[in-house]
Structures are given as structure tokens and as C-alpha cells.
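J.: So here's query24.pdb, just PDB, C-alpha atoms:
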```
ATOM      1  CA  MET A 648      15.696  37.237 -45.096
ATOM      2  CA  LYS A 649      18.033  34.838 -43.297
ATOM      3  CA  PRO A 650      16.635  33.543 -39.989
ATOM      4  CA  ARG A 651      18.757  33.827 -36.858
ATOM      5  CA  VAL A 652      19.996  30.498 -35.545
ATOM      6  CA  LYS A 653      20.368  29.568 -31.870
ATOM      7  CA  ILE A 654      22.481  26.519 -31.044
ATOM      8  CA  CYS A 655      21.752  25.170 -27.582
ATOM      9  CA  CYS A 656      23.588  22.875 -25.148
ATOM     10  CA  ILE A 657      27.019  24.325 -25.895
ATOM     11  CA  GLU A 658      29.469  22.625 -23.529
ATOM     12  CA  SER A 659      32.925  23.803 -24.597
ATOM     13  CA  ILE A 660      34.815  26.591 -26.335
ATOM     14  CA  ALA A 661      35.435  24.242 -29.261
ATOM     15  CA  GLU A 662      31.698  23.633 -29.678
ATOM     16  CA  ALA A 663      31.004  27.352 -29.408
ATOM     17  CA  GLU A 664      33.532  28.112 -32.149
ATOM     18  CA  ILE A 665      32.014  25.487 -34.447
ATOM     19  CA  ALA A 666      28.518  26.896 -33.879
ATOM     20  CA  ILE A 667      29.603  30.480 -34.521
ATOM     21  CA  ASN A 668      31.711  29.583 -37.555
ATOM     22  CA  THR A 669      28.752  27.764 -39.119
ATOM     23  CA  GLY A 670      26.389  30.700 -38.702
ATOM     24  CA  ALA A 671      24.915  30.650 -35.203
ATOM     25  CA  SER A 672      24.118  34.094 -33.846
ATOM     26  CA  THR A 673      23.060  32.805 -30.435
ATOM     27  CA  LEU A 674      24.551  30.256 -28.020
ATOM     28  CA  GLY A 675      22.415  28.409 -25.474
ATOM     29  CA  LEU A 676      24.219  27.641 -22.196
ATOM     30  CA  VAL A 677      22.311  25.286 -19.909
ATOM     31  CA  SER A 678      22.552  25.608 -16.139
ATOM     32  CA  GLU A 679      21.105  23.126 -13.624
ATOM     33  CA  MET A 680      17.889  21.504 -14.886
ATOM     34  CA  THR A 681      15.510  18.804 -13.684
ATOM     35  CA  SER A 682      15.944  16.972 -16.994
ATOM     36  CA  GLY A 683      17.356  17.370 -20.494
ATOM     37  CA  PRO A 684      20.813  17.476 -22.094
ATOM     38  CA  GLY A 685      23.717  19.894 -22.083
ATOM     39  CA  VAL A 686      23.878  20.930 -18.424
ATOM     40  CA  ILE A 687      27.195  22.501 -17.398
ATOM     41  CA  MET A 688      28.448  24.236 -14.270
ATOM     42  CA  GLU A 689      27.981  27.990 -13.922
ATOM     43  CA  ASP A 690      31.755  28.536 -13.853
ATOM     44  CA  GLU A 691      31.925  26.851 -17.263
ATOM     45  CA  ILE A 692      29.101  29.062 -18.546
ATOM     46  CA  ALA A 693      30.975  32.151 -17.342
ATOM     47  CA  SER A 694      34.098  31.005 -19.190
ATOM     48  CA  LEU A 695      32.134  30.429 -22.398
ATOM     49  CA  VAL A 696      30.518  33.864 -22.113
ATOM     50  CA  ARG A 697      33.957  35.486 -21.764
ATOM     51  CA  HIS A 698      35.153  33.707 -24.914
ATOM     52  CA  THR A 699      32.097  34.612 -27.000
ATOM     53  CA  PRO A 700      32.774  37.414 -29.515
ATOM     54  CA  PRO A 701      30.701  40.618 -29.606
ATOM     55  CA  GLY A 702      27.553  40.307 -31.669
ATOM     56  CA  VAL A 703      26.813  36.733 -30.579
ATOM     57  CA  ALA A 704      24.097  36.443 -27.940
ATOM     58  CA  THR A 705      24.695  34.262 -24.885
ATOM     59  CA  PHE A 706      21.509  32.723 -23.490
ATOM     60  CA  LEU A 707      21.660  31.431 -19.913
ATOM     61  CA  LEU A 708      19.031  28.695 -19.662
ATOM     62  CA  THR A 709      17.723  28.553 -16.112
ATOM     63  CA  SER A 710      15.027  26.595 -14.311
ATOM     64  CA  LYS A 711      15.123  28.932 -11.305
ATOM     65  CA  ARG A 712      11.855  30.676 -10.492
ATOM     66  CA  THR A 713      12.794  33.467  -8.092
ATOM     67  CA  ALA A 714      14.321  36.770  -9.085
ATOM     68  CA  THR A 715      17.050  36.496  -6.442
ATOM     69  CA  GLU A 716      18.282  33.139  -7.746
ATOM     70  CA  ILE A 717      18.135  34.195 -11.392
ATOM     71  CA  ILE A 718      19.916  37.502 -10.760
ATOM     72  CA  THR A 719      22.665  35.667  -8.870
ATOM     73  CA  GLN A 720      23.146  33.283 -11.816
ATOM     74  CA  LEU A 721      23.269  36.107 -14.342
ATOM     75  CA  ARG A 722      25.796  38.116 -12.342
ATOM     76  CA  HIS A 723      27.966  35.023 -11.950
ATOM     77  CA  THR A 724      27.887  33.985 -15.605
ATOM     78  CA  GLY A 725      27.733  37.372 -17.343
ATOM     79  CA  ALA A 726      25.254  36.120 -19.960
ATOM     80  CA  ASN A 727      23.521  38.894 -21.890
ATOM     81  CA  THR A 728      20.174  37.051 -22.139
ATOM     82  CA  VAL A 729      18.235  34.829 -19.753
ATOM     83  CA  GLN A 730      16.024  32.037 -21.086
ATOM     84  CA  LEU A 731      13.444  31.125 -18.458
ATOM     85  CA  THR A 732      12.596  27.471 -19.048
ATOM     86  CA  ASP A 733       9.924  27.357 -16.348
ATOM     87  CA  TYR A 734       7.072  29.753 -15.706
ATOM     88  CA  VAL A 735       7.588  32.558 -13.188
ATOM     89  CA  PRO A 736       5.319  35.104 -11.482
ATOM     90  CA  ASN A 737       4.980  38.360 -13.414
ATOM     91  CA  SER A 738       6.720  40.198 -10.581
ATOM     92  CA  VAL A 739       9.959  38.341 -11.409
ATOM     93  CA  TYR A 740      10.188  40.026 -14.816
ATOM     94  CA  ALA A 741      10.023  43.468 -13.188
ATOM     95  CA  GLU A 742      12.657  42.550 -10.605
ATOM     96  CA  LEU A 743      14.998  41.287 -13.319
ATOM     97  CA  ARG A 744      14.545  44.473 -15.342
ATOM     98  CA  GLU A 745      15.302  46.654 -12.327
ATOM     99  CA  ALA A 746      18.392  44.716 -11.274
ATOM    100  CA  LEU A 747      19.810  43.992 -14.745
ATOM    101  CA  PRO A 748      18.323  46.428 -17.268
ATOM    102  CA  ASN A 749      20.715  45.410 -20.063
ATOM    103  CA  VAL A 750      19.863  41.708 -19.911
ATOM    104  CA  LYS A 751      17.241  40.476 -22.364
ATOM    105  CA  ILE A 752      14.478  38.186 -21.080
ATOM    106  CA  VAL A 753      13.236  35.234 -23.134
ATOM    107  CA  GLN A 754      10.377  33.133 -21.780
ATOM    108  CA  VAL A 755       9.932  29.545 -22.915
ATOM    109  CA  ILE A 756       6.369  28.627 -23.831
ATOM    110  CA  HIS A 757       5.734  24.892 -23.679
ATOM    111  CA  VAL A 758       3.343  24.427 -26.593
ATOM    112  CA  SER A 759       0.807  21.740 -25.705
ATOM    113  CA  GLY A 760      -2.674  22.891 -26.700
ATOM    114  CA  GLN A 761      -4.857  25.796 -27.744
ATOM    115  CA  GLU A 762      -4.626  27.304 -24.252
ATOM    116  CA  THR A 763      -0.926  27.928 -24.937
ATOM    117  CA  VAL A 764      -1.818  30.726 -27.376
ATOM    118  CA  LEU A 765      -3.601  32.731 -24.667
ATOM    119  CA  GLU A 766      -0.787  31.986 -22.230
ATOM    120  CA  ALA A 767       1.771  33.392 -24.687
ATOM    121  CA  GLN A 768      -0.324  36.517 -25.231
ATOM    122  CA  LYS A 769      -0.440  37.179 -21.488
ATOM    123  CA  ILE A 770       3.321  36.742 -21.003
ATOM    124  CA  ALA A 771       4.575  38.541 -24.132
ATOM    125  CA  PRO A 772       4.236  42.131 -22.795
ATOM    126  CA  PHE A 773       6.652  41.334 -19.950
ATOM    127  CA  VAL A 774       9.528  39.861 -21.998
ATOM    128  CA  ASP A 775      11.796  40.610 -24.950
ATOM    129  CA  ALA A 776      11.061  37.371 -26.801
ATOM    130  CA  LEU A 777       9.304  34.022 -26.575
ATOM    131  CA  LEU A 778      10.767  30.609 -27.344
ATOM    132  CA  LEU A 779       8.291  27.912 -28.327
ATOM    133  CA  ASP A 780       9.330  24.452 -27.144
ATOM    134  CA  SER A 781       7.875  21.001 -26.507
ATOM    135  CA  GLY A 782       8.455  20.463 -22.799
ATOM    136  CA  ASN A 783       5.959  19.731 -20.044
ATOM    137  CA  PRO A 784       6.518  21.525 -16.723
ATOM    138  CA  ASN A 785       3.526  19.698 -15.189
ATOM    139  CA  LEU A 786       5.243  16.301 -15.019
ATOM    140  CA  SER A 787       6.458  14.964 -11.651
ATOM    141  CA  VAL A 788       9.971  15.470 -13.042
ATOM    142  CA  LYS A 789       9.543  18.654 -15.034
ATOM    143  CA  GLY A 790      10.338  18.459 -18.738
ATOM    144  CA  LEU A 791      11.745  21.894 -19.522
ATOM    145  CA  GLY A 792      13.289  21.307 -22.947
ATOM    146  CA  GLY A 793      15.595  19.085 -24.918
ATOM    147  CA  THR A 794      12.814  16.599 -25.638
ATOM    148  CA  ARG A 795      13.596  16.262 -29.373
ATOM    149  CA  ILE A 796       9.825  16.326 -29.923
ATOM    150  CA  ARG A 797       8.183  18.575 -32.520
ATOM    151  CA  HIS A 798       5.062  20.314 -31.311
ATOM    152  CA  ASP A 799       2.096  21.529 -33.373
ATOM    153  CA  TRP A 800       3.459  24.311 -35.584
ATOM    154  CA  SER A 801      -0.071  25.523 -36.343
ATOM    155  CA  LEU A 802      -0.222  26.659 -32.698
ATOM    156  CA  SER A 803       3.177  28.316 -33.125
ATOM    157  CA  ARG A 804       1.796  30.280 -36.075
ATOM    158  CA  GLN A 805      -1.137  31.466 -33.989
ATOM    159  CA  ILE A 806       1.190  32.631 -31.243
ATOM    160  CA  VAL A 807       3.407  34.535 -33.678
ATOM    161  CA  MET A 808       0.438  36.325 -35.198
ATOM    162  CA  ASN A 809      -0.892  37.347 -31.780
ATOM    163  CA  VAL A 810       2.180  38.708 -30.015
ATOM    164  CA  GLU A 811       4.378  41.757 -30.602
ATOM    165  CA  VAL A 812       7.744  40.285 -29.601
ATOM    166  CA  PRO A 813      10.258  38.088 -31.455
ATOM    167  CA  VAL A 814       9.570  34.351 -31.457
ATOM    168  CA  PHE A 815      12.080  31.488 -31.570
ATOM    169  CA  LEU A 816      11.077  27.976 -32.607
ATOM    170  CA  ALA A 817      12.560  24.968 -30.796
ATOM    171  CA  GLY A 818      11.709  21.337 -30.185
ATOM    172  CA  GLY A 819      12.335  18.481 -32.591
ATOM    173  CA  LEU A 820      14.214  20.491 -35.215
ATOM    174  CA  ARG A 821      16.461  18.148 -37.214
ATOM    175  CA  PRO A 822      18.093  18.065 -40.669
ATOM    176  CA  GLU A 823      15.066  16.517 -42.353
ATOM    177  CA  ASN A 824      12.571  19.147 -41.150
ATOM    178  CA  VAL A 825      14.551  22.338 -40.569
ATOM    179  CA  GLY A 826      14.123  23.225 -44.250
ATOM    180  CA  GLU A 827      10.377  23.141 -43.748
ATOM    181  CA  ALA A 828      10.757  25.487 -40.791
ATOM    182  CA  VAL A 829      12.825  27.936 -42.849
ATOM    183  CA  GLN A 830      10.361  27.772 -45.750
ATOM    184  CA  THR A 831       7.493  28.677 -43.446
ATOM    185  CA  ARG A 832       9.407  31.250 -41.419
ATOM    186  CA  LYS A 833       7.152  34.111 -42.552
ATOM    187  CA  ALA A 834       4.482  32.486 -40.424
ATOM    188  CA  LEU A 835       6.738  31.165 -37.691
ATOM    189  CA  TRP A 836       9.311  33.869 -37.057
ATOM    190  CA  VAL A 837       9.034  37.624 -36.601
ATOM    191  CA  ARG A 838      11.203  40.530 -35.526
ATOM    192  CA  PRO A 839      14.837  40.276 -34.408
ATOM    193  CA  LEU A 840      15.496  40.275 -30.662
ATOM    194  CA  HIS A 841      17.497  43.519 -30.761
ATOM    195  CA  GLY A 842      15.019  45.625 -32.738
ATOM    196  CA  ARG A 843      11.474  44.925 -33.787
ATOM    197  CA  GLU A 844      11.167  46.719 -37.103
ATOM    198  CA  ASN A 845      12.115  43.863 -39.489
ATOM    199  CA  ARG A 846       9.944  40.835 -40.170
ATOM    200  CA  GLY A 847      11.150  37.396 -41.117
ATOM    201  CA  GLN A 848      13.854  36.819 -38.511
ATOM    202  CA  THR A 849      14.077  35.167 -35.122
TER     203      THR A 849
END
```
Turn this file's structure into C-alpha cells for me.
T.:
Amino acid sequence: MKPRVKICCIESIAEAEIAINTGASTLGLVSEMTSGPGVIMEDEIASLVRHTPPGVATFLLTSKRTATEIITQLRHTGANTVQLTDYVPNSVYAELREALPNVKIVQVIHVSGQETVLEAQKIAPFVDALLLDSGNPNLSVKGLGGTRIRHDWSLSRQIVMNVEVPVFLAGGLRPENVGEAVQTRKALWVRPLHGRENRGQT
């Protein structure tokens, strides 16, 4: 089964059209971050969301950690999914659900060690999907994505097998290794974001 592809750091309508025309089902739109590429203004994100055709998911990447700030961003941009690049209190998930029940919530898990598996298990019941990346939010300048570093995929496999939500793989994917990721997707990817009955997709 064909995996779903998310292209991140979209900065223009032209880039969005290229991504969609080459098979992307999800666009990543990066708001203000402490580090990493692809940051654009929220007005630009809102314009890109308006130009995105039905059926293509728009992920607002945010480093905000309070429900009030995140809700304000989502209402401004109109994105249909929020990707939380930093960790938030569990109460934030409930506040987001109450304020914006139609918006999907994706939590980034920064895969660093075995403890990450337990962390993912604890967070999974509160969100619609997890995204496994290679950042480090514990640095003095938080690394919240866009590192171009591949993490330990054996830990990713463990996470997938121990959670009941869809899982996206990110971090260090490039032409020479993406084939390996697709070949091992039965271990790495499960359940589409909008429906959890089919295996083998992200």
C-alpha cells in the first residue's frame, strides 16, 4: 500500500503545487521556531492554506506551548492539523479539542533513546498521530526539527508497535535512504490519519 507523503517547509504556492503534483498528501507550514528551516509568516501560511485543494492536509508547525497561543495561530491560519514540535502539558490537548474539534493534533516525538518509547506511549492517547523526528528540545536553543539527522529507526519500530495512532517518520530522509524507509514501512508506518482501520500507511 502506498505510504502517505508529507512535504515540509513549504514557502510558496509554487512549491505547494510542485509537492502536490508529485504526490504529497500533506503540506508542512512552519511558523516561528527557535531553529530550523522553512519559517514563514502566519499571513503567508493562511494564504497557502486557502490555496490548498480539498483532500490535502495542511499541517501548521508550531513551537508554542500554551493552548491560547496555539488556538490563536490555528484560527489565523485556518490549517486543518497542528503539529506540536515541542512538548506540552496534557491539559493543552483537551483545550485544543474543545476549542477546535475539527483540527487534528500531531505531536512530535524527538527520538533520542529508549525512554522515548515510553514517552510516546504516554502521549499517544491524547493525539491523532505522532511524528518521529530527530530534534532535541533540551538544548539551550531548542532543536525542534529540520536537523537532517536520521535517528535510530529500531526505536521508531518499537514506538509504532506500542501505540494505537498513526505514525509519521521524519528526520534525515533523503533520496538515498527513503527507499529503505518505504521497504520497511510495515514496521515503521501504521494507520492513516483520517481513519485507523488500514495498516501500511502514514
J.: Give me the residues within 12 Å of Ile752 (chain A) as a short mmCIF file (atom, residue, chain, number, x, y, z; two decimals) with C-alpha atoms, in the coordinates of the input, counting all atoms listed in the file and dropping any in the same chain fewer than 6 places off.
T.:
```cif
data_model
loop_
_atom_site.label_atom_id
_atom_site.label_comp_id
_atom_site.auth_asym_id
_atom_site.auth_seq_id
_atom_site.Cartn_x
_atom_site.Cartn_y
_atom_site.Cartn_z
CA ALA A 704 24.10 36.44 -27.94
CA THR A 705 24.70 34.26 -24.88
CA PHE A 706 21.51 32.72 -23.49
CA LEU A 707 21.66 31.43 -19.91
CA LEU A 708 19.03 28.70 -19.66
CA THR A 709 17.72 28.55 -16.11
CA ILE A 717 18.14 34.20 -11.39
CA ILE A 718 19.92 37.50 -10.76
CA LEU A 721 23.27 36.11 -14.34
CA ALA A 726 25.25 36.12 -19.96
CA ASN A 727 23.52 38.89 -21.89
CA THR A 728 20.17 37.05 -22.14
CA VAL A 729 18.24 34.83 -19.75
CA GLN A 730 16.02 32.04 -21.09
CA LEU A 731 13.44 31.12 -18.46
CA THR A 732 12.60 27.47 -19.05
CA VAL A 735 7.59 32.56 -13.19
CA VAL A 739 9.96 38.34 -11.41
CA TYR A 740 10.19 40.03 -14.82
CA ALA A 741 10.02 43.47 -13.19
CA GLU A 742 12.66 42.55 -10.60
CA LEU A 743 15.00 41.29 -13.32
CA ARG A 744 14.54 44.47 -15.34
CA ILE A 770 3.32 36.74 -21.00
CA ALA A 771 4.58 38.54 -24.13
CA PRO A 772 4.24 42.13 -22.80
CA PHE A 773 6.65 41.33 -19.95
CA VAL A 774 9.53 39.86 -22.00
CA ASP A 775 11.80 40.61 -24.95
CA ALA A 776 11.06 37.37 -26.80
CA LEU A 777 9.30 34.02 -26.58
CA LEU A 778 10.77 30.61 -27.34
CA VAL A 812 7.74 40.28 -29.60
CA PRO A 813 10.26 38.09 -31.46
CA LEU A 840 15.50 40.28 -30.66
CA HIS A 841 17.50 43.52 -30.76
#
```
J.: Work out how far apart CA of Gly685 (chain A) and CA of Gly702 (chain A) are and give it in Å to one decimal.
T.: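 Atom-to-atom, CA of Gly685 (chain A) to CA of Gly702 (chain A), that is 22.9 Å.
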J.: Near region 648-665 of chain A, within 6 Å and counting only C-alpha atoms, which residues show up once chain neighbours fewer than 6 positions away are dropped, as a list of chain:residue names?
T.: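 These residues fall inside the cut-off: A:Ala671, A:Ser672, A:Thr673, A:Leu674, A:Gly675, A:Leu676, A:Val677, A:Gly685, A:Gln848, A:Thr849.
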J.: Between A:Val703, A:Ile692, A:Val686, A:Val753, which has the minimum distance to Ala666 (chain A) (counting all atoms listed in the file)?
T.: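 Under the stated criterion, the closest residue is A:Val703.
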J.: Would you compute the box with edges along x, y and z of the file around region 691-709 of chain A, including every atom the file lists for it and 4 Å extra on each side, and give its centre and edge lengths in Å to one decimal, as JSON?
T.:
```
{"center_x": 26.4, "center_y": 33.7, "center_z": -23.9, "size_x": 25.4, "size_y": 21.8, "size_z": 23.6}
```
J.: Can you turn the PyMOL selection byres ((chain A and resi 810) around 8) into a concrete residue list for this file, as a PyMOL selection string?
T.: chain A and resi 767-768+771+806-809+811-812
J.: Taking C-alpha atoms for each residue, export the selection above as a PDB file, keeping the file's coordinate frame.
T.:
```pdb
ATOM      1  CA  ALA A 767       1.771  33.392 -24.687  1.00  0.00           C
ATOM      2  CA  GLN A 768      -0.324  36.517 -25.231  1.00  0.00           C
ATOM      3  CA  ALA A 771       4.575  38.541 -24.132  1.00  0.00           C
ATOM      4  CA  ILE A 806       1.190  32.631 -31.243  1.00  0.00           C
ATOM      5  CA  VAL A 807       3.407  34.535 -33.678  1.00  0.00           C
ATOM      6  CA  MET A 808       0.438  36.325 -35.198  1.00  0.00           C
ATOM      7  CA  ASN A 809      -0.892  37.347 -31.780  1.00  0.00           C
ATOM      8  CA  GLU A 811       4.378  41.757 -30.602  1.00  0.00           C
ATOM      9  CA  VAL A 812       7.744  40.285 -29.601  1.00  0.00           C
TER      10      VAL A 812
END
```
J.: Using the chain letters and residue numbers of this document, give as a ChimeraX atom specification the residues selected by the PyMOL selection byres ((chain A and resi 734) around 9).
T.: /A:710,712,731-733,735-736,754-756,784
J.: Given the selection you just returned, output its residues as a file containing C-alpha atoms, formatted as a compact mmCIF listing (two decimals), in the coordinates of the input.
T.:
```
# COMPACT_ATOMS: atom_id res chain seq x y z
CA SER A 710 15.03 26.60 -14.31
CA ARG A 712 11.86 30.68 -10.49
CA LEU A 731 13.44 31.12 -18.46
CA THR A 732 12.60 27.47 -19.05
CA ASP A 733 9.92 27.36 -16.35
CA VAL A 735 7.59 32.56 -13.19
CA PRO A 736 5.32 35.10 -11.48
CA GLN A 754 10.38 33.13 -21.78
CA VAL A 755 9.93 29.54 -22.92
CA ILE A 756 6.37 28.63 -23.83
CA PRO A 784 6.52 21.52 -16.72
```
J.: Please, what distance in Å, to one decimal, runs between CA of Ser738 (chain A) and CA of Ser759 (chain A)?
T.: 24.6 Å
J.: How far is it from CA of Ala693 (chain A) to CA of Gly725 (chain A), in Å with one decimal?
T.: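 Interatomic distance here is 6.1 Å.
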J.: For Ser781 (chain A), which residue among A:Val764, A:Glu716, A:Asp799, A:His757 is the nearest when counting only C-alpha atoms?
T.: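 Nearest candidate to Ser781 (chain A) out of A:Val764, A:Glu716, A:Asp799, A:His757: A:His757.
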J.: With only C-alpha atoms as the basis for distance, which of A:Arg797, A:Thr669, A:Thr724, A:Lys769 is at the shortest distance from Ser694 (chain A)?
T.: A:Thr724
